[in-house]
Structures are given as C-alpha cells and as structure tokens.
Amino acid sequence: MIEFTDDAPRWRQIADVLKARIADGTYPPRTRVPSLLQLTAEFGVASATAHKALRNLRAEGFTYTEQGLGSFVSPTAPTNDEAPPPSP
C-alpha cells in the first residue's frame with residue numbers, strides 16, 4: 001500500500017502511481033492493468049475510488065477497456081519521457 005497524502009484525492013494519487021508504472025514499463029502497451037478488485041486490495045481503498053482512478057486513466061488515453069476483459073494499456077500511452085511524474 002502507498003502512503004496517501006492530503007495534497008490530492010486518493011483516486012488521483014492511485015492514477016498517478018499507475019501512470020508511472022505505465023511510463024516505466026511495468027505495464028507495457030496492450031497488457032492488462034490490475035482489476036478493480038486488485039486495486040482495492042493493493043491500495044486499501046473503496047471500489048468507487050479505484051474505479052474513478054481507472055476512469056481517469058481511460059479518459060486521459062493511458063488505457064482502453066475491452067468489455068468483459070478489463071482495462072489494458074493503450075498502445076500510444078506516454079513513455080517515461082512524456083509522462084508527468086507521480087504526485088508525492
């Protein structure tokens with residue numbers, strides 16, 4: 001679990017962690033990102049919070065969703081050089 005700060009909403013902090021993992025290659029293009037259940041367990045948050053983080057990633061073009069299969073890293077997701085650093 002990460003240590004959350006009061007500087008930003010938890011969903012934003014989770015989204016930033018996932019963006020950093022995409023940028024550093026932990027989640028390569030076209031691979032599945034953790035499920036809602038996995039995110040709630042890893043970060044110790046409510047499913048609504050994890051869902052909002054996943055929605056944000058999709059809205060920003062980092063991921064896409066395949067119905068019934070889950071969320072996957074976009075083939076055009078920003079790389080280390082393009083992605084913003086995670087918030088503290």
# chains A, B, ... in the order shown; residues from 1 in each chain; ligands from 1

call {"tool": "residues_around", "arguments": {"residues": "region 67-76 of chain A", "least_positions_apart": "6", "cutoff": "6 Å", "atoms": "only C-alpha atoms", "output": "JSON, numbers by chain"}}
result
{"A": [29, 30, 31, 32, 33]}

call {"tool": "residues_around", "arguments": {"residues": "region 3-7 of chain A", "least_positions_apart": "3", "cutoff": "12 Å", "atoms": "only C-alpha atoms", "output": "list in words"}}
result
Arg10, Trp11, Arg12, Gln13, Ile14, Asp16, Val17, Glu42, Phe43, Gly44, Val45, Ser87 and Pro88 of chain A

call {"tool": "write_last_selection", "arguments": {"atoms": "N, CA, C and O atoms", "output": "mmCIF file, in the first residue's frame"}}
result
data_model
loop_
_atom_site.group_PDB
_atom_site.id
_atom_site.type_symbol
_atom_site.label_atom_id
_atom_site.label_comp_id
_atom_site.auth_asym_id
_atom_site.auth_seq_id
_atom_site.Cartn_x
_atom_site.Cartn_y
_atom_site.Cartn_z
ATOM 1 N N ARG A 10 -7.437 10.631 -3.230
ATOM 2 C CA ARG A 10 -6.817 9.298 -3.324
ATOM 3 C C ARG A 10 -6.899 8.724 -4.723
ATOM 4 O O ARG A 10 -5.957 8.092 -5.199
ATOM 5 N N TRP A 11 -8.022 8.918 -5.412
ATOM 6 C CA TRP A 11 -8.138 8.373 -6.766
ATOM 7 C C TRP A 11 -7.065 8.963 -7.662
ATOM 8 O O TRP A 11 -6.513 8.269 -8.515
ATOM 9 N N ARG A 12 -6.746 10.254 -7.481
ATOM 10 C CA ARG A 12 -5.719 10.908 -8.286
ATOM 11 C C ARG A 12 -4.338 10.321 -7.976
ATOM 12 O O ARG A 12 -3.529 10.089 -8.862
ATOM 13 N N GLN A 13 -4.072 10.070 -6.708
ATOM 14 C CA GLN A 13 -2.777 9.502 -6.317
ATOM 15 C C GLN A 13 -2.613 8.086 -6.883
ATOM 16 O O GLN A 13 -1.532 7.714 -7.338
ATOM 17 N N ILE A 14 -3.697 7.312 -6.878
ATOM 18 C CA ILE A 14 -3.645 5.964 -7.456
ATOM 19 C C ILE A 14 -3.416 6.063 -8.960
ATOM 20 O O ILE A 14 -2.586 5.334 -9.516
ATOM 21 N N ASP A 16 -1.928 8.400 -10.561
ATOM 22 C CA ASP A 16 -0.536 8.813 -10.776
ATOM 23 C C ASP A 16 0.434 7.644 -10.629
ATOM 24 O O ASP A 16 1.395 7.528 -11.395
ATOM 25 N N VAL A 17 0.193 6.785 -9.658
ATOM 26 C CA VAL A 17 1.037 5.595 -9.483
ATOM 27 C C VAL A 17 0.927 4.697 -10.717
ATOM 28 O O VAL A 17 1.937 4.217 -11.251
ATOM 29 N N GLU A 42 -4.725 -3.707 -3.210
ATOM 30 C CA GLU A 42 -3.368 -3.144 -3.153
ATOM 31 C C GLU A 42 -3.329 -1.804 -2.433
ATOM 32 O O GLU A 42 -2.432 -1.543 -1.637
ATOM 33 N N PHE A 43 -4.307 -0.934 -2.709
ATOM 34 C CA PHE A 43 -4.275 0.415 -2.165
ATOM 35 C C PHE A 43 -5.151 0.604 -0.936
ATOM 36 O O PHE A 43 -5.119 1.658 -0.308
ATOM 37 N N GLY A 44 -5.943 -0.406 -0.603
ATOM 38 C CA GLY A 44 -6.779 -0.318 0.589
ATOM 39 C C GLY A 44 -7.837 0.767 0.497
ATOM 40 O O GLY A 44 -8.061 1.493 1.465
ATOM 41 N N VAL A 45 -8.468 0.879 -0.672
ATOM 42 C CA VAL A 45 -9.486 1.902 -0.887
ATOM 43 C C VAL A 45 -10.803 1.248 -1.291
ATOM 44 O O VAL A 45 -10.849 0.066 -1.625
ATOM 45 N N SER A 87 2.518 12.348 -8.344
ATOM 46 C CA SER A 87 2.486 13.337 -7.270
ATOM 47 C C SER A 87 2.969 12.713 -5.989
ATOM 48 O O SER A 87 2.841 11.506 -5.783
ATOM 49 N N PRO A 88 3.560 13.510 -5.111
ATOM 50 C CA PRO A 88 4.136 12.959 -3.866
ATOM 51 C C PRO A 88 3.101 12.348 -2.965
ATOM 52 O O PRO A 88 1.981 12.582 -2.928
#

call {"tool": "select_by_dssp", "arguments": {"residues": "region 2-86 of chain A", "states": "strand (DSSP E)", "output": "ChimeraX atom specification"}}
result
/A:63-66,70-73

call {"tool": "residues_around", "arguments": {"residues": "Ala46 (chain A)", "least_positions_apart": "4", "cutoff": "10 Å", "atoms": "only C-alpha atoms", "output": "VMD selection string"}}
result
chain A and resid 11 36 to 37 39 to 41 50 to 51

call {"tool": "write_last_selection", "arguments": {"atoms": "all heavy atoms", "output": "mmCIF file, in the first residue's frame"}}
result
data_model
loop_
_atom_site.group_PDB
_atom_site.id
_atom_site.type_symbol
_atom_site.label_atom_id
_atom_site.label_comp_id
_atom_site.auth_asym_id
_atom_site.auth_seq_id
_atom_site.Cartn_x
_atom_site.Cartn_y
_atom_site.Cartn_z
ATOM 1 N N TRP A 11 -8.022 8.918 -5.412
ATOM 2 C CA TRP A 11 -8.138 8.373 -6.766
ATOM 3 C C TRP A 11 -7.065 8.963 -7.662
ATOM 4 O O TRP A 11 -6.513 8.269 -8.515
ATOM 5 C CB TRP A 11 -9.534 8.584 -7.350
ATOM 6 C CG TRP A 11 -9.890 10.010 -7.622
ATOM 7 C CD1 TRP A 11 -10.557 10.873 -6.811
ATOM 8 C CD2 TRP A 11 -9.585 10.751 -8.806
ATOM 9 N NE1 TRP A 11 -10.684 12.104 -7.394
ATOM 10 C CE2 TRP A 11 -10.096 12.062 -8.630
ATOM 11 C CE3 TRP A 11 -8.929 10.456 -9.999
ATOM 12 C CZ2 TRP A 11 -9.972 13.051 -9.596
ATOM 13 C CZ3 TRP A 11 -8.804 11.449 -10.957
ATOM 14 C CH2 TRP A 11 -9.326 12.724 -10.753
ATOM 15 N N LEU A 36 -10.211 -3.926 -10.805
ATOM 16 C CA LEU A 36 -10.786 -3.124 -9.726
ATOM 17 C C LEU A 36 -10.555 -3.812 -8.380
ATOM 18 O O LEU A 36 -10.131 -3.178 -7.409
ATOM 19 C CB LEU A 36 -12.273 -2.925 -9.993
ATOM 20 C CG LEU A 36 -13.014 -1.956 -9.116
ATOM 21 C CD1 LEU A 36 -12.460 -0.556 -9.251
ATOM 22 C CD2 LEU A 36 -14.491 -1.957 -9.480
ATOM 23 N N LEU A 37 -10.790 -5.096 -8.334
ATOM 24 C CA LEU A 37 -10.594 -5.858 -7.097
ATOM 25 C C LEU A 37 -9.129 -5.834 -6.659
ATOM 26 O O LEU A 37 -8.820 -5.650 -5.483
ATOM 27 C CB LEU A 37 -11.074 -7.296 -7.290
ATOM 28 C CG LEU A 37 -11.041 -8.200 -6.075
ATOM 29 C CD1 LEU A 37 -11.963 -7.664 -4.979
ATOM 30 C CD2 LEU A 37 -11.457 -9.605 -6.449
ATOM 31 N N LEU A 39 -6.901 -3.526 -7.381
ATOM 32 C CA LEU A 39 -6.550 -2.172 -6.946
ATOM 33 C C LEU A 39 -7.080 -1.881 -5.551
ATOM 34 O O LEU A 39 -6.382 -1.267 -4.734
ATOM 35 C CB LEU A 39 -7.065 -1.133 -7.937
ATOM 36 C CG LEU A 39 -6.382 -1.120 -9.300
ATOM 37 C CD1 LEU A 39 -7.067 -0.120 -10.223
ATOM 38 C CD2 LEU A 39 -4.901 -0.799 -9.168
ATOM 39 N N THR A 40 -8.304 -2.306 -5.266
ATOM 40 C CA THR A 40 -8.851 -2.056 -3.927
ATOM 41 C C THR A 40 -8.019 -2.775 -2.874
ATOM 42 O O THR A 40 -7.783 -2.230 -1.796
ATOM 43 C CB THR A 40 -10.332 -2.465 -3.817
ATOM 44 O OG1 THR A 40 -10.471 -3.848 -4.124
ATOM 45 C CG2 THR A 40 -11.202 -1.640 -4.730
ATOM 46 N N ALA A 41 -7.553 -3.970 -3.193
ATOM 47 C CA ALA A 41 -6.724 -4.716 -2.243
ATOM 48 C C ALA A 41 -5.341 -4.075 -2.099
ATOM 49 O O ALA A 41 -4.836 -3.917 -0.988
ATOM 50 C CB ALA A 41 -6.583 -6.168 -2.696
ATOM 51 N N ALA A 50 -11.105 3.318 -6.585
ATOM 52 C CA ALA A 50 -10.293 2.634 -7.592
ATOM 53 C C ALA A 50 -10.925 2.787 -8.974
ATOM 54 O O ALA A 50 -10.217 3.000 -9.966
ATOM 55 C CB ALA A 50 -10.132 1.167 -7.224
ATOM 56 N N HIS A 51 -12.250 2.717 -9.033
ATOM 57 C CA HIS A 51 -12.951 2.856 -10.309
ATOM 58 C C HIS A 51 -12.722 4.250 -10.902
ATOM 59 O O HIS A 51 -12.493 4.397 -12.110
ATOM 60 C CB HIS A 51 -14.444 2.586 -10.119
ATOM 61 C CG HIS A 51 -15.219 2.626 -11.391
ATOM 62 N ND1 HIS A 51 -15.096 1.673 -12.371
ATOM 63 C CD2 HIS A 51 -16.123 3.519 -11.854
ATOM 64 C CE1 HIS A 51 -15.900 1.972 -13.375
ATOM 65 N NE2 HIS A 51 -16.525 3.098 -13.084
#

call {"tool": "atom_distance", "arguments": {"atom1": "CA of Gln38 (chain A)", "atom2": "CA of Thr63 (chain A)"}}
result
16.4 Å

call {"tool": "atom_distance", "arguments": {"atom1": "CA of Ala15 (chain A)", "atom2": "CA of Asn56 (chain A)"}}
result
7.0 Å

call {"tool": "closest_residue", "arguments": {"among": "A:Thr49, A:Glu66, A:Leu54, A:Ile22", "to": "Ser35 (chain A)", "atoms": "only C-alpha atoms"}}
result
A:Leu54

call {"tool": "select_by_dssp", "arguments": {"residues": "chain A", "states": "helix (DSSP H, G or I)", "output": "JSON, numbers by chain"}}
result
{"A": [10, 11, 12, 13, 14, 15, 16, 17, 18, 19, 20, 21, 22, 23, 36, 37, 38, 39, 40, 41, 42, 43, 47, 48, 49, 50, 51, 52, 53, 54, 55, 56, 57, 58, 59]}

call {"tool": "closest_residue", "arguments": {"among": "A:Ala77, A:Ile2, A:Leu18, A:Ala8", "to": "Ala53 (chain A)", "atoms": "only C-alpha atoms"}}
result
A:Leu18

call {"tool": "atom_distance", "arguments": {"atom1": "CA of Gly61 (chain A)", "atom2": "CA of Lys19 (chain A)"}}
result
10.5 Å
